[in-house]
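Source file: model33.tsv. Holds: TSV, C-alpha atoms and all ligand atoms.
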```tsv
chain	number	residue	atom	x	y	z
A	1	MET	CA	0.00	0.00	0.00
A	2	PHE	CA	1.21	3.47	-0.89
A	3	VAL	CA	0.59	6.94	0.43
A	4	LYS	CA	-1.73	8.50	-2.18
A	5	ILE	CA	-2.19	11.99	-3.49
A	6	LYS	CA	-5.93	12.52	-2.93
A	7	GLY	CA	-6.30	16.01	-4.34
A	8	THR	CA	-4.34	18.75	-6.07
A	9	GLY	CA	-4.70	22.49	-6.58
A	10	SER	CA	-2.73	25.41	-7.94
A	11	CYS	CA	-2.72	29.18	-8.16
A	12	LEU	CA	-0.76	31.36	-10.57
A	13	PRO	CA	-0.56	35.16	-10.41
A	14	GLU	CA	-2.64	37.11	-12.93
A	15	LYS	CA	0.26	39.06	-14.42
A	16	VAL	CA	2.17	37.36	-17.25
A	17	LEU	CA	5.68	38.45	-18.23
A	18	ASP	CA	6.71	37.15	-21.65
A	19	ASN	CA	10.22	37.05	-23.10
A	20	ALA	CA	9.60	40.22	-25.10
A	21	ALA	CA	8.84	42.08	-21.85
A	22	ILE	CA	12.02	40.73	-20.23
A	23	SER	CA	14.06	41.91	-23.21
A	24	GLN	CA	12.97	45.45	-22.25
A	25	LEU	CA	14.68	44.96	-18.87
A	26	VAL	CA	17.93	43.19	-19.80
A	27	ASP	CA	19.98	42.51	-22.94
A	28	THR	CA	18.29	39.31	-24.11
A	29	ASN	CA	15.76	38.08	-26.65
A	30	ASP	CA	12.99	35.54	-27.09
A	31	GLU	CA	15.06	33.32	-29.38
A	32	TRP	CA	17.94	33.01	-26.87
A	33	ILE	CA	15.64	32.31	-23.92
A	34	GLN	CA	13.49	29.76	-25.75
A	35	SER	CA	16.38	27.88	-27.33
A	36	ARG	CA	18.35	27.64	-24.04
A	37	THR	CA	15.45	27.03	-21.65
A	38	GLY	CA	12.16	26.34	-23.45
A	39	ILE	CA	10.58	29.20	-21.47
A	40	LYS	CA	8.25	31.62	-23.30
A	41	SER	CA	6.57	33.39	-20.39
A	42	ARG	CA	6.06	33.25	-16.63
A	43	HIS	CA	3.61	34.59	-14.04
A	44	ILE	CA	4.75	37.34	-11.66
A	45	VAL	CA	3.03	38.46	-8.45
A	46	GLY	CA	1.23	41.79	-8.39
A	47	LYS	CA	-1.32	41.94	-5.60
A	48	GLU	CA	-0.80	38.24	-4.76
A	49	THR	CA	1.42	37.06	-1.90
A	50	ALA	CA	2.87	33.68	-0.99
A	51	VAL	CA	0.15	33.24	1.64
A	52	SER	CA	-2.70	34.24	-0.69
A	53	MET	CA	-1.53	31.96	-3.51
A	54	ALA	CA	-0.84	29.07	-1.14
A	55	ALA	CA	-4.29	29.41	0.43
A	56	VAL	CA	-6.05	29.37	-2.96
A	57	ALA	CA	-4.06	26.33	-4.15
A	58	ALA	CA	-4.76	24.57	-0.84
A	59	GLU	CA	-8.51	25.25	-0.96
A	60	LYS	CA	-8.65	23.73	-4.43
A	61	ALA	CA	-6.65	20.68	-3.30
A	62	LEU	CA	-8.97	20.16	-0.31
A	63	GLU	CA	-12.03	20.43	-2.55
A	64	ASP	CA	-10.49	18.02	-5.06
A	65	ALA	CA	-9.75	15.56	-2.24
A	66	GLY	CA	-13.27	15.98	-0.83
A	67	ILE	CA	-12.07	16.73	2.69
A	68	THR	CA	-12.40	19.68	5.02
A	69	ALA	CA	-9.62	21.89	6.36
A	70	GLU	CA	-10.34	20.62	9.88
A	71	GLU	CA	-9.41	17.07	8.83
A	72	ILE	CA	-5.84	18.12	7.99
A	73	ASP	CA	-3.45	17.25	10.83
A	74	LEU	CA	-0.19	18.26	9.13
A	75	LEU	CA	0.41	21.33	6.94
A	76	ILE	CA	3.83	21.80	5.35
A	77	VAL	CA	4.76	24.76	3.18
A	78	SER	CA	7.91	24.65	1.10
A	79	SER	CA	9.24	28.05	0.02
A	80	VAL	CA	12.44	30.02	-0.42
A	81	SER	CA	10.76	33.27	-1.39
A	82	SER	CA	7.78	33.97	0.84
A	83	GLU	CA	7.50	37.63	1.89
A	84	GLN	CA	7.41	36.63	5.54
A	85	LEU	CA	9.82	34.87	7.85
A	86	LEU	CA	7.65	35.06	10.97
A	87	PRO	CA	5.10	33.75	11.43
A	88	CYS	CA	5.95	30.95	9.07
A	89	THR	CA	3.92	30.90	5.85
A	90	ALA	CA	2.33	27.57	6.83
A	91	CYS	CA	0.83	29.08	10.01
A	92	SER	CA	-0.64	31.99	8.04
A	93	VAL	CA	-2.10	29.55	5.51
A	94	GLN	CA	-3.50	27.50	8.40
A	95	LYS	CA	-5.28	30.65	9.61
A	96	GLU	CA	-6.65	31.42	6.13
A	97	LEU	CA	-8.00	27.89	5.71
A	98	GLY	CA	-9.21	27.32	9.27
A	99	ALA	CA	-7.09	24.17	9.42
A	100	VAL	CA	-7.26	24.35	13.21
A	101	ASN	CA	-6.15	20.76	13.84
A	102	ALA	CA	-2.97	20.92	11.78
A	103	ALA	CA	0.61	21.15	12.96
A	104	ALA	CA	2.02	23.72	10.55
A	105	PHE	CA	5.59	24.57	9.58
A	106	ASP	CA	7.76	25.68	6.66
A	107	LEU	CA	10.72	23.96	5.11
A	108	ASN	CA	13.40	25.11	2.70
A	109	ALA	CA	14.98	22.59	0.38
A	110	ALA	CA	14.83	24.92	-2.64
A	111	CYS	CA	13.53	23.28	-5.83
A	112	SER	CA	13.47	19.85	-4.12
A	113	GLY	CA	11.14	21.27	-1.45
A	114	PHE	CA	7.91	19.59	-2.53
A	115	ILE	CA	9.67	16.23	-2.67
A	116	VAL	CA	11.09	16.73	0.82
A	117	ALA	CA	7.66	17.82	2.13
A	118	TYR	CA	6.05	14.72	0.61
A	119	GLN	CA	8.64	12.39	2.10
A	120	MET	CA	8.45	14.01	5.56
A	121	ALA	CA	4.65	13.81	5.55
A	122	ALA	CA	4.60	10.25	4.18
A	123	GLY	CA	7.00	9.27	6.97
A	124	GLN	CA	4.67	10.81	9.57
A	125	ILE	CA	1.75	8.89	8.06
A	126	LYS	CA	3.71	5.66	8.03
A	127	ALA	CA	4.68	6.21	11.69
A	128	GLY	CA	1.01	6.69	12.59
A	129	LEU	CA	1.62	10.31	13.66
A	130	SER	CA	-0.50	11.86	10.92
A	131	LYS	CA	-3.46	10.80	8.79
A	132	LYS	CA	-4.09	13.58	6.29
A	133	ALA	CA	-1.41	16.06	5.25
A	134	LEU	CA	-1.59	19.19	3.13
A	135	LEU	CA	1.61	19.98	1.22
A	136	ILE	CA	2.18	23.29	-0.52
A	137	GLY	CA	5.02	24.55	-2.69
A	138	VAL	CA	4.79	28.33	-3.11
A	139	GLU	CA	7.24	30.83	-4.55
A	140	CYS	CA	7.41	34.57	-5.17
A	141	LEU	CA	10.80	34.31	-6.82
A	142	SER	CA	10.30	37.64	-8.60
A	143	ASN	CA	10.97	39.22	-5.18
A	144	ILE	CA	14.45	37.72	-4.86
A	145	VAL	CA	15.55	37.70	-8.50
A	146	ASN	CA	18.04	40.33	-9.63
A	147	TRP	CA	16.19	41.97	-12.53
A	148	LYS	CA	19.52	43.26	-13.87
A	149	ASP	CA	21.05	39.77	-14.22
A	150	ARG	CA	20.08	38.26	-17.57
A	151	GLY	CA	21.58	34.91	-16.54
A	152	THR	CA	18.91	34.35	-13.87
A	153	CYS	CA	15.92	36.71	-14.29
A	154	ILE	CA	14.79	34.96	-17.47
A	155	LEU	CA	14.33	31.63	-15.68
A	156	PHE	CA	11.98	32.07	-12.78
A	157	GLY	CA	8.25	32.46	-12.20
A	158	ASP	CA	5.84	32.76	-9.27
A	159	GLY	CA	3.03	30.42	-8.22
A	160	ALA	CA	1.71	27.84	-5.79
A	161	GLY	CA	0.80	24.17	-6.00
A	162	ALA	CA	-0.78	22.00	-3.33
A	163	ALA	CA	-1.52	18.34	-2.70
A	164	VAL	CA	-3.45	16.46	-0.03
A	165	ILE	CA	-1.95	13.09	0.85
A	166	SER	CA	-3.12	10.22	3.01
A	167	ALA	CA	-2.88	6.45	3.29
A	168	GLU	CA	-5.72	4.30	1.98
A	169	GLU	CA	-5.98	2.41	5.25
A	170	GLU	CA	-3.94	1.40	8.30
A	171	GLY	CA	-1.16	-1.07	7.61
A	172	ASN	CA	2.22	-1.50	6.08
A	173	ILE	CA	2.99	1.54	3.95
A	174	GLU	CA	5.68	1.58	1.29
A	175	ILE	CA	7.38	4.88	0.44
A	176	PRO	CA	9.79	4.18	-2.44
A	177	SER	CA	11.69	7.45	-2.26
A	178	VAL	CA	15.19	8.89	-2.15
A	179	LEU	CA	16.66	12.17	-0.88
A	180	HIS	CA	20.21	13.50	-1.18
A	181	SER	CA	22.07	16.68	-0.34
A	182	ASP	CA	25.59	17.96	-0.87
A	183	GLY	CA	26.23	21.11	1.13
A	184	SER	CA	29.84	21.25	-0.03
A	185	ARG	CA	28.58	22.48	-3.42
A	186	GLY	CA	26.14	25.07	-2.07
A	187	GLU	CA	27.92	28.05	-3.63
A	188	VAL	CA	26.60	27.30	-7.14
A	189	LEU	CA	23.12	28.65	-6.31
A	190	THR	CA	22.79	31.17	-3.48
A	191	CYS	CA	20.66	33.98	-2.09
A	192	LYS	CA	21.67	35.77	1.11
A	193	ASN	CA	18.92	36.63	3.58
A	194	PRO	CA	17.46	39.84	2.15
A	195	THR	CA	16.64	41.24	5.60
A	196	GLY	CA	20.32	42.01	6.10
A	197	GLU	CA	21.82	42.29	2.66
A	198	ARG	CA	19.15	44.19	0.78
A	199	LYS	CA	19.20	47.24	3.04
A	200	ASP	CA	22.21	48.61	1.19
A	201	ARG	CA	20.90	47.36	-2.19
A	202	SER	CA	23.83	44.97	-2.37
A	203	LEU	CA	23.47	42.33	-5.06
A	204	GLU	CA	24.21	39.79	-2.30
A	205	GLY	CA	20.48	39.85	-1.46
A	206	TYR	CA	19.46	38.30	-4.78
A	207	VAL	CA	19.65	34.91	-6.44
A	208	ALA	CA	23.13	34.20	-7.82
A	209	MET	CA	23.77	31.10	-9.91
A	210	ASP	CA	26.43	29.20	-11.80
A	211	GLY	CA	24.03	27.96	-14.49
A	212	ARG	CA	26.43	25.56	-16.16
A	213	GLU	CA	27.26	23.79	-12.89
A	214	ILE	CA	23.56	23.41	-12.04
A	215	TYR	CA	22.91	22.08	-15.52
A	216	LYS	CA	25.66	19.45	-15.26
A	217	PHE	CA	24.57	18.47	-11.74
A	218	ALA	CA	20.93	17.99	-12.81
A	219	VAL	CA	21.71	15.98	-15.92
A	220	ARG	CA	24.00	13.64	-13.96
A	221	GLN	CA	22.13	13.25	-10.66
A	222	VAL	CA	18.47	13.08	-11.71
A	223	PRO	CA	18.83	9.94	-13.89
A	224	ALA	CA	20.91	8.37	-11.08
A	225	VAL	CA	18.25	9.15	-8.48
A	226	ILE	CA	15.53	7.79	-10.78
A	227	ASP	CA	17.50	4.52	-11.02
A	228	GLU	CA	17.64	4.39	-7.21
A	229	ILE	CA	13.87	4.96	-6.93
A	230	LEU	CA	13.15	2.29	-9.56
A	231	GLU	CA	15.23	-0.19	-7.59
A	232	LYS	CA	13.40	0.62	-4.35
A	233	ALA	CA	9.99	0.39	-6.08
A	234	GLU	CA	11.04	-2.81	-7.87
A	235	LYS	CA	9.95	-1.39	-11.21
A	236	SER	CA	11.67	-1.15	-14.57
A	237	VAL	CA	12.00	2.22	-16.29
A	238	GLU	CA	9.72	0.95	-19.10
A	239	GLU	CA	6.89	0.36	-16.60
A	240	ILE	CA	6.76	4.04	-15.64
A	241	ASP	CA	3.96	5.97	-17.37
A	242	LEU	CA	5.09	9.49	-16.49
A	243	PHE	CA	8.17	11.24	-15.14
A	244	VAL	CA	7.09	14.48	-13.46
A	245	LEU	CA	10.33	16.43	-13.06
A	246	HIS	CA	11.22	19.82	-11.64
A	247	GLN	CA	10.53	22.31	-14.44
A	248	ALA	CA	13.87	24.13	-14.55
A	249	ASN	CA	14.71	23.93	-18.20
A	250	ARG	CA	13.53	22.03	-21.29
A	251	ARG	CA	17.08	21.01	-22.23
A	252	ILE	CA	17.61	19.44	-18.80
A	253	VAL	CA	14.39	17.40	-19.09
A	254	GLU	CA	15.29	16.31	-22.64
A	255	ALA	CA	18.80	15.26	-21.56
A	256	ILE	CA	17.35	13.21	-18.67
A	257	ALA	CA	14.85	11.49	-21.02
A	258	LYS	CA	17.72	10.66	-23.37
A	259	ARG	CA	19.89	9.23	-20.58
A	260	LEU	CA	16.98	7.06	-19.41
A	261	LYS	CA	16.29	6.03	-23.04
A	262	GLN	CA	12.62	6.93	-22.60
A	263	PRO	CA	10.33	8.79	-25.04
A	264	ILE	CA	10.03	12.51	-24.33
A	265	GLU	CA	6.22	12.11	-24.33
A	266	LYS	CA	6.56	10.51	-20.88
A	267	PHE	CA	8.01	13.80	-19.56
A	268	PRO	CA	5.25	16.42	-19.33
A	269	MET	CA	6.44	20.04	-19.25
A	270	ASP	CA	4.91	23.39	-18.41
A	271	MET	CA	7.98	25.61	-18.03
A	272	MET	CA	7.06	27.11	-21.41
A	273	GLN	CA	4.30	29.16	-19.79
A	274	ASN	CA	5.27	29.02	-16.08
A	275	GLY	CA	9.06	29.26	-16.00
A	276	ASN	CA	10.93	27.66	-13.12
A	277	MET	CA	8.79	28.02	-9.98
A	278	SER	CA	11.22	26.19	-7.68
A	279	SER	CA	9.27	24.17	-5.10
A	280	ALA	CA	5.94	25.09	-6.74
A	281	SER	CA	6.90	23.57	-10.10
A	282	ILE	CA	6.09	19.93	-9.36
A	283	PRO	CA	2.75	20.37	-7.53
A	284	VAL	CA	1.55	22.88	-10.15
A	285	LEU	CA	2.44	20.47	-12.96
A	286	LEU	CA	0.69	17.59	-11.17
A	287	ASP	CA	-2.43	19.74	-10.84
A	288	GLU	CA	-2.35	20.78	-14.49
A	289	LEU	CA	-1.98	17.14	-15.58
A	290	LYS	CA	-4.87	16.16	-13.37
A	291	GLN	CA	-7.08	18.92	-14.76
A	292	GLU	CA	-6.18	17.86	-18.30
A	293	GLY	CA	-7.27	14.28	-17.48
A	294	LYS	CA	-3.75	12.95	-17.99
A	295	LEU	CA	-3.51	11.24	-14.59
A	296	GLN	CA	-5.54	8.05	-14.53
A	297	PRO	CA	-6.02	5.72	-11.55
A	298	GLY	CA	-3.25	3.12	-11.34
A	299	MET	CA	-0.74	5.11	-13.36
A	300	LYS	CA	2.87	4.63	-12.30
A	301	ILE	CA	4.65	7.94	-11.83
A	302	ILE	CA	8.12	9.01	-10.82
A	303	VAL	CA	8.47	12.51	-9.44
A	304	ALA	CA	11.98	13.96	-9.12
A	305	GLY	CA	13.59	17.31	-8.42
A	306	PHE	CA	16.88	19.05	-7.83
A	307	GLY	CA	18.08	22.43	-6.75
A	308	ALA	CA	20.04	24.68	-4.45
A	309	GLY	CA	21.75	23.15	-1.46
A	310	LEU	CA	22.56	21.12	-3.41
A	311	THR	CA	19.51	18.93	-2.88
A	312	TRP	CA	17.94	16.27	-5.07
A	313	GLY	CA	15.56	13.34	-4.77
A	314	GLY	CA	12.29	11.83	-5.81
A	315	MET	CA	9.65	9.18	-5.26
A	316	TYR	CA	7.50	6.57	-6.95
A	317	LEU	CA	3.75	7.15	-6.86
A	318	GLU	CA	0.75	5.10	-7.97
A	319	TRP	CA	-2.07	7.46	-8.89
A	401	LIG	O1	16.11	25.08	-10.31
A	401	LIG	C1	17.44	25.09	-10.75
A	401	LIG	C2	17.72	26.44	-11.34
A	401	LIG	N1	18.76	26.56	-12.28
A	401	LIG	C3	18.80	26.01	-13.51
A	401	LIG	O2	18.01	25.23	-13.93
A	401	LIG	C4	19.92	26.50	-14.39
A	401	LIG	C5	20.51	25.43	-15.28
A	401	LIG	N2	21.34	26.07	-16.27
A	401	LIG	C6	20.87	26.52	-17.45
A	401	LIG	O3	19.73	26.31	-17.75
A	401	LIG	C7	21.80	27.25	-18.36
A	401	LIG	O4	23.11	27.24	-17.82
A	401	LIG	C8	21.37	28.71	-18.61
A	401	LIG	C9	20.08	28.73	-19.44
A	401	LIG	C10	21.13	29.45	-17.29
A	401	LIG	C11	22.44	29.46	-19.40
A	401	LIG	O5	22.73	28.74	-20.58
A	401	LIG	P1	24.24	28.43	-20.97
A	401	LIG	O6	24.20	27.76	-22.27
A	401	LIG	O7	24.88	27.68	-19.83
A	401	LIG	O8	24.85	29.87	-21.12
A	401	LIG	P2	26.11	30.54	-20.40
A	401	LIG	O9	25.76	30.97	-19.01
A	401	LIG	O10	27.32	29.68	-20.58
A	401	LIG	O11	26.29	31.83	-21.29
A	401	LIG	C12	26.58	31.76	-22.71
A	401	LIG	C13	26.53	33.16	-23.28
A	401	LIG	C14	27.33	34.16	-22.49
A	401	LIG	O12	27.88	35.07	-23.40
A	401	LIG	P3	29.41	34.96	-23.88
A	401	LIG	O13	30.23	35.06	-22.64
A	401	LIG	O14	29.52	33.62	-24.57
A	401	LIG	O15	29.55	36.11	-24.81
A	401	LIG	C15	26.32	34.85	-21.63
A	401	LIG	O16	26.71	36.15	-21.26
A	401	LIG	O17	25.16	33.63	-23.25
A	401	LIG	C16	25.13	34.89	-22.56
A	401	LIG	N3	23.85	35.00	-21.88
A	401	LIG	C17	22.75	35.50	-22.46
A	401	LIG	N4	22.53	36.01	-23.68
A	401	LIG	C18	21.30	36.44	-23.97
A	401	LIG	C19	23.55	34.63	-20.61
A	401	LIG	N5	22.26	34.88	-20.36
A	401	LIG	C20	21.75	35.43	-21.48
A	401	LIG	C21	20.47	35.90	-21.85
A	401	LIG	N6	20.29	36.37	-23.09
A	401	LIG	N7	19.41	35.85	-20.98
```
Taking this structure as input, can you express it in the form of structure tokens?
Amino acid sequence: MFVKIKGTGSCLPEKVLDNAAISQLVDTNDEWIQSRTGIKSRHIVGKETAVSMAAVAAEKALEDAGITAEEIDLLIVSSVSSEQLLPCTACSVQKELGAVNAAAFDLNAACSGFIVAYQMAAGQIKAGLSKKALLIGVECLSNIVNWKDRGTCILFGDGAGAAVISAEEEGNIEIPSVLHSDGSRGEVLTCKNPTGERKDRSLEGYVAMDGREIYKFAVRQVPAVIDEILEKAEKSVEEIDLFVLHQANRRIVEAIAKRLKQPIEKFPMDMMQNGNMSSASIPVLLDELKQEGKLQPGMKIIVAGFGAGLTWGGMYLEW
């Protein structure tokens, strides 16, 4: 028996920033951005906040799961770019939803955040400490991106995705999943705490990235982690219907598909219109696939992500 995703939801800001608009801000163009990343446009917060987007995505996920906010006993928000440090975003979302019975907290594992949240919650469920968990990945990356750095500002977008998870019944629960981190390589993707650094408008307060190193890391480690998950789940790569990967870059996803020798059709993508939404990417994509009717009961899915830290990991799901 597996922990199941019972419902999904998402929320994207109203405002859309396309590549033409970005080329008004920095020396770039649509052709360069699309050919290197696959991204055409992204959503950027205006009046929305991390809490407001997370609450909307969560309400949709609860409705989709057919459960009330009071039934949630664990609420985890993954974010690196919420406007607020205290109280944690999860507690503010708890208040918005009226999820009065939930233990609520935030975690930061960058773009792997939704995967970490899922594995922490699944572990709590397996241990009998939780029954129904609400997981949210939410990012307002436009707040921490340096809009003068063409190497990073073209990549990111804002949004929120949510999922409700629970076990079918009491009993032995399998969680075929893997997590890794390598703090010794943390300098390739950084952002200093803006509360200190931004006061003097230092660039230290914004996202800084060695894109090539991240690219090489992702293309090497994601196929390796997928192999580890397959072994734990006792499945062959051919048995997997869909690979739902962190939506950083089309070329990264294509390279992973090639290394796994799997058709690209098994790798759904939405970075074209959403950009890289860090920990929101995977839950938003899952929700979009569900809404499009592309997730059918019994489907075998591998979800995997990678990002700053460095962190990477994934899990096997049966829909
Ligand atoms: O969640 C994880 C987040 N991070 C990632 O997913 C990043 C992974 N890395 C990548 O996707 C790629 O490294 C990038 C798309 C970020 C960059 O592509 P690249 O092929 O590695 O380019 P580069 O950084 O090596 O730069 C090549 C050239 C440079 O010019 P010169 O020195 O060759 O004259 C850059 O200055 O492209 C230039 N360049 C740009 N030109 C137009 C860099 N950014 C831009 C831009 N528009 N936006």
Around ligand LIG 401 (chain A), fit a box with edges along x, y and z, padding it by 3 Å on each side, then list its centre and edge lengths in Å to one decimal as JSON.
```
{"center_x": 23.2, "center_y": 30.8, "center_z": -17.6, "size_x": 20.1, "size_y": 17.4, "size_z": 20.5}
```
### Message
I'd like the contact shell of A:Gly275 - 12 Å cut-off, only C-alpha atoms, skipping same-chain residues fewer than 2 positions apart - returned as a PyMOL selection string.
### Response
chain A and resi 12+16-19+33-34+37-44+139+141-142+152-159+246-250+269-273+277-278+280-282+284-285
Residues of chain A within 9 Å of ligand LIG 401 (chain A): nearest atom pair and distance (Å, one decimal) for each, counting all atoms listed in the file, sorted by chain and number, as a tab-separated table?
```
residue	atom	partner	partner_atom	distance
A:Ile22	CA	A:LIG401	N7	8.9
A:Ser23	CA	A:LIG401	N6	8.3
A:Val26	CA	A:LIG401	N7	7.6
A:Asp27	CA	A:LIG401	N6	6.1
A:Thr28	CA	A:LIG401	N6	3.7
A:Asn29	CA	A:LIG401	N6	6.0
A:Asp30	CA	A:LIG401	N6	8.4
A:Glu31	CA	A:LIG401	N6	8.7
A:Trp32	CA	A:LIG401	N6	5.6
A:Ile33	CA	A:LIG401	N7	5.9
A:Ser35	CA	A:LIG401	C9	8.8
A:Arg36	CA	A:LIG401	C9	5.0
A:Thr37	CA	A:LIG401	C9	5.4
A:Ala110	CA	A:LIG401	O1	7.8
A:Cys111	CA	A:LIG401	O1	5.5
A:Ser112	CA	A:LIG401	O1	8.5
A:Asp149	CA	A:LIG401	N5	7.9
A:Arg150	CA	A:LIG401	N7	4.2
A:Gly151	CA	A:LIG401	N5	3.9
A:Thr152	CA	A:LIG401	C10	6.4
A:Cys153	CA	A:LIG401	N7	7.6
A:Ile154	CA	A:LIG401	N7	5.9
A:Leu155	CA	A:LIG401	C10	7.3
A:Phe156	CA	A:LIG401	C2	8.2
A:Leu189	CA	A:LIG401	N1	7.7
A:Met209	CA	A:LIG401	N1	7.2
A:Asp210	CA	A:LIG401	O4	7.1
A:Gly211	CA	A:LIG401	O4	3.5
A:Arg212	CA	A:LIG401	O4	4.1
A:Glu213	CA	A:LIG401	N2	7.2
A:Ile214	CA	A:LIG401	C5	4.9
A:Tyr215	CA	A:LIG401	C5	4.1
A:Lys216	CA	A:LIG401	C5	7.9
A:Phe217	CA	A:LIG401	C5	8.8
A:Ala218	CA	A:LIG401	C5	7.9
A:His246	CA	A:LIG401	O1	7.3
A:Gln247	CA	A:LIG401	O1	7.5
A:Ala248	CA	A:LIG401	O2	4.3
A:Asn249	CA	A:LIG401	O2	5.6
A:Arg250	CA	A:LIG401	O3	8.3
A:Arg251	CA	A:LIG401	O3	7.4
A:Ile252	CA	A:LIG401	O3	7.3
A:Asn276	CA	A:LIG401	O1	6.4
A:Met277	CA	A:LIG401	O1	7.9
A:Ser278	CA	A:LIG401	O1	5.7
A:Ser279	CA	A:LIG401	O1	8.6
A:Gly305	CA	A:LIG401	O1	8.4
A:Phe306	CA	A:LIG401	O1	6.6
A:Gly307	CA	A:LIG401	C1	4.8
A:Ala308	CA	A:LIG401	C1	6.8
```
Near-A:Ser236 list (12 Å; all atoms listed in the file; drop same-chain fewer than 6 positions) as a short mmCIF file (atom, residue, chain, number, x, y, z; two decimals) with C-alpha atoms, in the coordinates of the input:
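Ended up saving to out.cif:
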```cif
data_model
loop_
_atom_site.label_atom_id
_atom_site.label_comp_id
_atom_site.auth_asym_id
_atom_site.auth_seq_id
_atom_site.Cartn_x
_atom_site.Cartn_y
_atom_site.Cartn_z
CA ILE A 226 15.53 7.79 -10.78
CA ASP A 227 17.50 4.52 -11.02
CA GLU A 228 17.64 4.39 -7.21
CA ILE A 229 13.87 4.96 -6.93
CA LEU A 230 13.15 2.29 -9.56
CA LEU A 260 16.98 7.06 -19.41
CA GLN A 262 12.62 6.93 -22.60
CA LYS A 300 2.87 4.63 -12.30
CA ILE A 301 4.65 7.94 -11.83
CA ILE A 302 8.12 9.01 -10.82
CA TYR A 316 7.50 6.57 -6.95
#
```
### Query
If you count all atoms listed in the file, which residues fall within 10 Å of A:Lys290, apart from same-chain ones fewer than 6 positions away, as a PyMOL selection string?
chain A and resi 7-9+284+296
### Task
State, in Å with one decimal place, the distance from atom CA of A:Ile173 to atom CA of A:Ser78.
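Result for atom CA of A:Ile173 versus atom CA of A:Ser78: 23.8 Å, one decimal.
Minimum distance to A:Trp147 across A:Ser79, A:Leu86, A:Ala255, A:Ala208 (counting only C-alpha atoms) occurs at A:Ala208.
Distances here use all atoms listed in the file; by that measure, the residue among A:Gln119, A:Asn108, A:Ser82, A:Ser130 closest to A:Val45 is A:Ser82.
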### Query
Do you have the atom CA of A:Pro283-atom CA of A:Asp182 distance handy?
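According to the coordinates, atom CA of A:Pro283 and atom CA of A:Asp182 are separated by 23.9 Å.
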Could you rebuild stretch 169-180 of chain A with N, CA and C atoms and give it back as a PDB file, in the coordinates of the input?
```pdb
ATOM      1  N   GLU A 169      -5.512   3.073   4.036  1.00  0.00           N
ATOM      2  CA  GLU A 169      -5.980   2.410   5.250  1.00  0.00           C
ATOM      3  C   GLU A 169      -4.785   2.163   6.162  1.00  0.00           C
ATOM      4  N   GLU A 170      -5.043   1.727   7.389  1.00  0.00           N
ATOM      5  CA  GLU A 170      -3.940   1.400   8.300  1.00  0.00           C
ATOM      6  C   GLU A 170      -3.165   0.218   7.706  1.00  0.00           C
ATOM      7  N   GLY A 171      -1.908   0.108   8.054  1.00  0.00           N
ATOM      8  CA  GLY A 171      -1.160  -1.070   7.610  1.00  0.00           C
ATOM      9  C   GLY A 171       0.218  -0.723   7.147  1.00  0.00           C
ATOM     10  N   ASN A 172       0.840  -1.678   6.494  1.00  0.00           N
ATOM     11  CA  ASN A 172       2.220  -1.500   6.080  1.00  0.00           C
ATOM     12  C   ASN A 172       2.293  -0.573   4.857  1.00  0.00           C
ATOM     13  N   ILE A 173       2.946   0.551   5.019  1.00  0.00           N
ATOM     14  CA  ILE A 173       2.990   1.540   3.950  1.00  0.00           C
ATOM     15  C   ILE A 173       4.376   1.564   3.322  1.00  0.00           C
ATOM     16  N   GLU A 174       4.399   1.468   1.995  1.00  0.00           N
ATOM     17  CA  GLU A 174       5.680   1.580   1.290  1.00  0.00           C
ATOM     18  C   GLU A 174       5.876   3.027   0.827  1.00  0.00           C
ATOM     19  N   ILE A 175       7.084   3.537   0.951  1.00  0.00           N
ATOM     20  CA  ILE A 175       7.380   4.880   0.440  1.00  0.00           C
ATOM     21  C   ILE A 175       8.665   4.788  -0.387  1.00  0.00           C
ATOM     22  N   PRO A 176       8.555   4.305  -1.645  1.00  0.00           N
ATOM     23  CA  PRO A 176       9.790   4.180  -2.440  1.00  0.00           C
ATOM     24  C   PRO A 176      10.292   5.578  -2.838  1.00  0.00           C
ATOM     25  N   SER A 177      11.243   6.074  -2.059  1.00  0.00           N
ATOM     26  CA  SER A 177      11.690   7.450  -2.260  1.00  0.00           C
ATOM     27  C   SER A 177      13.151   7.601  -1.872  1.00  0.00           C
ATOM     28  N   VAL A 178      13.758   8.652  -2.387  1.00  0.00           N
ATOM     29  CA  VAL A 178      15.190   8.890  -2.150  1.00  0.00           C
ATOM     30  C   VAL A 178      15.406  10.396  -1.986  1.00  0.00           C
ATOM     31  N   LEU A 179      16.262  10.763  -1.049  1.00  0.00           N
ATOM     32  CA  LEU A 179      16.660  12.170  -0.880  1.00  0.00           C
ATOM     33  C   LEU A 179      18.175  12.251  -0.746  1.00  0.00           C
ATOM     34  N   HIS A 180      18.769  13.278  -1.338  1.00  0.00           N
ATOM     35  CA  HIS A 180      20.210  13.500  -1.180  1.00  0.00           C
ATOM     36  C   HIS A 180      20.475  14.984  -0.999  1.00  0.00           C
TER      37      HIS A 180
END
```
